[in-house]
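Input: a single structure, listed below in structure tokens.
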Amino acid sequence: MSEFLQFLFSGLTVGAVYAMVALGFTIIYNASEVINFAQGEFVMIGGMSSVFLLSAGVPLPLAMLAAVVIAVGIGLALHALAIEPARGASVVTLIIITIGASILLRGLAQVVFDRQFHSLPAFSGDVPITIAGAALLPQTLWVLGGALVIVLALGWFFTRTLTGKAVMATAHNRLAAQLVGVNVRFVLMLSFGLSAGIGAIAGVLVTPITLTSYDVGTMLALKGFAAAILGGLGSAAGAVLGGLLVGIAEAMGAGYVSSEYKDAIAFVIILLVLFFLPRGLLGGKAAERV
Amino acid sequence: MLLQTRGLTSHYGRIQALKGVDIAVGEGELVALVGANGAGKTTLLRTLSGVQPASGGSVAYSGADITASAPYRRVALGIAQVPEGRQVFGPMSVEDNLRLGAYRRRGDDAEGALEAQFARFPVLKQRRAQAAGTLSGGEQQMLAMGRALMARPRLLLLDEPSMGLAPKIAEQILDIVCGLRADGMTVFLVEQNAFAALSIADRGYVLETGRVVLEGAGRDLLADEQVQQAYLGV
Ligand SMILES: Nc1ncnc2c1ncn2[C@@H]1O[C@H](COP(=O)(O)OP(=O)(O)OP(=O)(O)O)[C@@H](O)[C@H]1O
Ligand SMILES: [Mg+2]
């Protein structure tokens, strides 16, 4: 029982990160039908920037805030320099551009930062809380709490503000959104900024637990993508549900079967969903083969 | 003239859908555009709203050249369109659909505009919290019109507002169009029902394969032998 609970805690922690990556996918996908494969790099940029700012003497809270701002800036630059100039190109072309951007960002990170693994100090210490025999790191609560705050804030933005509703309207019917005066280029820009910010927050929160390095984005993107299509591409609630499920499946698989299969589980989920559940659990748009 | 196009052309890839269209709509006029399926009526309206690029020619609105303006700028200038097939935001509520219509009018009296649309279309008030996609065809058409009117446009573009509706409802929709015109709004109306459209219009244009082939006062076009044979089935 305590073993199960232990696996569940670790599954929820990584799952919350996958959920935030999947939310990033969802936001950009809804605005443009593009899958942004550079989404994992935003998580890396959040973590790595914090680490290097901290070691440069910037206090931790300020370093984290700056890291998120840097990631948002890079997200906006990605939109302005790579996506916007290719406006009118097919969705597949844009997806390939994001893959190129992810490789570029990884390469730049090796140069600007380094190729080592790094950690951040846990925000509230390292003394585990024991629940029914299982140890829960205080940082896990930060990750889960951060994910919850992001979900609530997004929910408020998309259903309570006119700008948020305009983003949703663009996802539902791009033509009609244009005809009511929504600037769909601005919506896409906003989506990139928002997704980058969410990814970076995830990176900042989870680095004390999972460590970070220049290349953590690749696997995170893959797992976040698995989460997004499991939940149903385009559905925000699905992204969160999918993230938690992928995280839990991975932790259980690693715990009860073998940790060697940990990374394979996301692949298996992607294949199973594409074969048997193309609309995902919460019925997003059918995933197309790209 | 509030709106004037000169030699307007537009392409879908290699297919040329507009082959040099000259139309003009004066302030306060109700102008109808009729033509067969595939004549290019929708393409013309899309080009006027800027969601379809012009490949040549010009669009002038209120004296300014807007040929290359982004769609949202044209909405801000007062051009609103009720698109073919209504295109409501299906999963969103009726009220949200309407409020989005005033997207370029932030800061203005959104509540007043909303009440004005509820007064014009009482059924929308009853359905205000319902998802737009669950409305009947006629109700969706009213919603699409209410949404466009939320922008308080100077020029309203209507693309086949009676398409697919029961005759009674279609008549009701066209009555509302007449009412708008009577209130002083400028309306450019595309209709498959050429008889109904030309009967209420001040002037009309006949579009054939991307070209204007006839124009004149609504009632003159109705009496025109060519129009009668081609579009009125007389
Ligand atoms: N998205 C598109 N891609 C390619 N060709 C198109 C597209 N939309 C329209 N066309 C072509 O452009 C021409 C004009 O079409 P348009 O929809 O403007 O006609 P319409 O007069 O509105 O017809 P309808 O009465 O059926 O609504 C047609 O030949 C049509 O096949
Ligand atoms: Mg049409």
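In the structure tokens, chains take the letters A, B, ... in the order shown, each chain's residues start at 1, and ligands count up from 1 in the order shown.
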
Quick one: everything within 6 Å of stretch 218-227 of chain B, counting only C-alpha atoms, minus sequence neighbours fewer than 4 positions away in the same chain. Send it as a PDB file with C-alpha atoms, in the first residue's frame.
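Writing done, so here's out_39.pdb:
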ATOM      1  CA  LEU B 198     -34.569  42.558 -55.690  1.00  0.00           C
ATOM      2  CA  ALA B 201     -33.465  46.446 -52.748  1.00  0.00           C
ATOM      3  CA  ASP B 202     -32.873  49.989 -53.974  1.00  0.00           C
ATOM      4  CA  ARG B 203     -30.437  48.724 -56.553  1.00  0.00           C
ATOM      5  CA  GLY B 204     -29.115  45.393 -57.658  1.00  0.00           C
ATOM      6  CA  TYR B 231     -33.042  33.781 -61.937  1.00  0.00           C
TER       7      TYR B 231
END

Against ligand 2, which residues of chain B fall within 9 Å? For each one I want the closest pair of atoms and the distance in Å (one decimal), counting only C-alpha atoms and all ligand atoms, rows by chain and increasing residue number, as CSV.
residue,atom,partner,partner_atom_place_in_ligand_line,distance
B:Asn37,CA,ligand 2,1 (Mg),7.0
B:Gly38,CA,ligand 2,1 (Mg),6.8
B:Ala39,CA,ligand 2,1 (Mg),8.1
B:Gly40,CA,ligand 2,1 (Mg),6.9
B:Lys41,CA,ligand 2,1 (Mg),5.4
B:Thr42,CA,ligand 2,1 (Mg),4.0
B:Thr43,CA,ligand 2,1 (Mg),7.2
B:Leu45,CA,ligand 2,1 (Mg),8.8
B:Pro83,CA,ligand 2,1 (Mg),8.9
B:Glu84,CA,ligand 2,1 (Mg),6.3
B:Gly85,CA,ligand 2,1 (Mg),8.9
B:Asp159,CA,ligand 2,1 (Mg),6.8
B:Glu160,CA,ligand 2,1 (Mg),7.2
B:Val190,CA,ligand 2,1 (Mg),8.1
B:Glu191,CA,ligand 2,1 (Mg),8.7
B:Gln192,CA,ligand 2,1 (Mg),8.6

Would you mind listing, as a VMD selection string, all residues of chain A that have at least one atom within 12 Å of chain B, where only C-alpha atoms are what counts?
chain A and resid 88 158 to 186

For the residues in the current selection, export N, CA and C atoms as a short mmCIF file (atom, residue, chain, number, x, y, z; two decimals), in the first residue's frame.
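To be explicit, this is the file written out as part13.cif:
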data_model
loop_
_atom_site.label_atom_id
_atom_site.label_comp_id
_atom_site.auth_asym_id
_atom_site.auth_seq_id
_atom_site.Cartn_x
_atom_site.Cartn_y
_atom_site.Cartn_z
N GLY A 88 0.43 31.09 -43.91
CA GLY A 88 -0.10 30.62 -45.18
C GLY A 88 0.49 29.28 -45.59
N PHE A 158 -10.05 31.94 -20.22
CA PHE A 158 -10.75 31.51 -21.43
C PHE A 158 -12.26 31.62 -21.32
N THR A 159 -12.81 31.64 -20.10
CA THR A 159 -14.27 31.69 -20.02
C THR A 159 -14.81 33.01 -19.46
N ARG A 160 -13.93 33.84 -18.88
CA ARG A 160 -14.44 35.05 -18.23
C ARG A 160 -13.97 36.35 -18.87
N THR A 161 -12.91 36.30 -19.69
CA THR A 161 -12.44 37.55 -20.29
C THR A 161 -12.76 37.55 -21.78
N LEU A 162 -12.98 38.74 -22.31
CA LEU A 162 -13.34 38.83 -23.72
C LEU A 162 -12.16 38.38 -24.60
N THR A 163 -10.93 38.72 -24.19
CA THR A 163 -9.77 38.29 -24.96
C THR A 163 -9.67 36.76 -24.97
N GLY A 164 -9.87 36.16 -23.79
CA GLY A 164 -9.85 34.70 -23.71
C GLY A 164 -10.93 34.08 -24.57
N LYS A 165 -12.12 34.67 -24.53
CA LYS A 165 -13.21 34.15 -25.35
C LYS A 165 -12.87 34.28 -26.84
N ALA A 166 -12.17 35.35 -27.17
CA ALA A 166 -11.79 35.53 -28.58
C ALA A 166 -10.82 34.43 -29.01
N VAL A 167 -9.94 34.01 -28.09
CA VAL A 167 -9.03 32.91 -28.42
C VAL A 167 -9.85 31.63 -28.64
N MET A 168 -10.81 31.38 -27.76
CA MET A 168 -11.66 30.20 -27.92
C MET A 168 -12.46 30.28 -29.22
N ALA A 169 -12.98 31.48 -29.50
CA ALA A 169 -13.76 31.66 -30.72
C ALA A 169 -12.91 31.35 -31.95
N THR A 170 -11.65 31.76 -31.91
CA THR A 170 -10.76 31.48 -33.04
C THR A 170 -10.57 29.98 -33.20
N ALA A 171 -10.49 29.27 -32.06
CA ALA A 171 -10.35 27.81 -32.13
C ALA A 171 -11.61 27.18 -32.71
N HIS A 172 -12.78 27.69 -32.32
CA HIS A 172 -14.03 27.09 -32.80
C HIS A 172 -14.27 27.40 -34.27
N ASN A 173 -14.03 28.64 -34.67
CA ASN A 173 -14.37 29.05 -36.03
C ASN A 173 -13.53 30.26 -36.41
N ARG A 174 -12.44 29.96 -37.08
CA ARG A 174 -11.46 30.98 -37.40
C ARG A 174 -12.05 32.09 -38.28
N LEU A 175 -12.84 31.67 -39.28
CA LEU A 175 -13.43 32.65 -40.20
C LEU A 175 -14.34 33.61 -39.43
N ALA A 176 -15.24 33.03 -38.62
CA ALA A 176 -16.18 33.88 -37.89
C ALA A 176 -15.43 34.79 -36.92
N ALA A 177 -14.36 34.28 -36.33
CA ALA A 177 -13.57 35.11 -35.41
C ALA A 177 -12.99 36.31 -36.16
N GLN A 178 -12.48 36.06 -37.35
CA GLN A 178 -11.95 37.17 -38.14
C GLN A 178 -13.05 38.17 -38.46
N LEU A 179 -14.23 37.66 -38.76
CA LEU A 179 -15.33 38.55 -39.16
C LEU A 179 -15.88 39.38 -38.00
N VAL A 180 -15.67 38.95 -36.75
CA VAL A 180 -16.08 39.82 -35.65
C VAL A 180 -14.94 40.74 -35.24
N GLY A 181 -13.81 40.63 -35.92
CA GLY A 181 -12.73 41.59 -35.66
C GLY A 181 -11.62 41.07 -34.77
N VAL A 182 -11.56 39.75 -34.57
CA VAL A 182 -10.44 39.20 -33.81
C VAL A 182 -9.21 39.18 -34.72
N ASN A 183 -8.11 39.70 -34.22
CA ASN A 183 -6.86 39.67 -34.97
C ASN A 183 -6.23 38.30 -34.72
N VAL A 184 -6.39 37.38 -35.67
CA VAL A 184 -5.97 36.00 -35.40
C VAL A 184 -4.45 35.87 -35.30
N ARG A 185 -3.72 36.83 -35.87
CA ARG A 185 -2.26 36.79 -35.70
C ARG A 185 -1.89 37.11 -34.26
N PHE A 186 -2.62 38.05 -33.68
CA PHE A 186 -2.39 38.38 -32.26
C PHE A 186 -2.74 37.18 -31.38
#

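Ranking B:Cys178, B:Leu158, B:Leu124, B:Ala64 by their shortest atom-to-atom distance to ligand 1, with only C-alpha atoms and all ligand atoms included, puts B:Leu158 first.
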
Please run DSSP on the backbone and report, as number ranges by chain, all residues within stretch 16-123 of chain B that come out as helix (DSSP H, G or I).
B: 41-49, 71-77, 94-101, 103-105, 110-120, 122-123

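By only C-alpha atoms, and with residues fewer than 3 positions from B:Leu3 along its chain excluded, the set lying at most 9 Å from it is Ile23, Ala24, Val25, Gly26, Glu27, Val59, Ala60, Tyr61, Ser62, Gly63 and Leu155 of chain B.
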
Just C-alpha atoms for this one: save the residues we selected as a CSV table (one decimal), in the first residue's frame.
chain,number,residue,atom,x,y,z
B,23,ILE,CA,-19.7,47.7,-57.6
B,24,ALA,CA,-20.7,50.7,-55.5
B,25,VAL,CA,-22.9,51.0,-52.4
B,26,GLY,CA,-24.1,54.4,-51.3
B,27,GLU,CA,-24.7,55.5,-47.7
B,59,VAL,CA,-11.7,48.4,-52.6
B,60,ALA,CA,-12.5,51.9,-51.3
B,61,TYR,CA,-14.5,52.4,-48.1
B,62,SER,CA,-15.6,55.8,-47.0
B,63,GLY,CA,-13.0,57.4,-49.2
B,155,LEU,CA,-22.0,48.7,-43.7

Contacts of stretch 222-230 of chain A at 10 Å (only C-alpha atoms; same-chain gap of 3+ positions) as a PyMOL selection string:
chain A and resi 14-26+35-37+39-40+217-219+233-247+250+263-274+277-287

I want to know what sits within 7 Å of B:Gly57, based on only C-alpha atoms, with residues of the same chain fewer than 4 positions away left out; could you give that as an MDAnalysis selection string?
chainID B and resid 6:9

As a ChimeraX atom specification, which residues of stretch 147-199 of chain B does DSSP assign to strand (DSSP E or B)?
/B:155-159,186-190

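Across the structure, atom CA of B:Gly146 and atom CA of B:Gly216 are spaced 29.6 Å apart.
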
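Atom pair atom CA of A:Arg106 / atom CA of A:Thr212 has a distance of 12.4 Å (rounded to one decimal).
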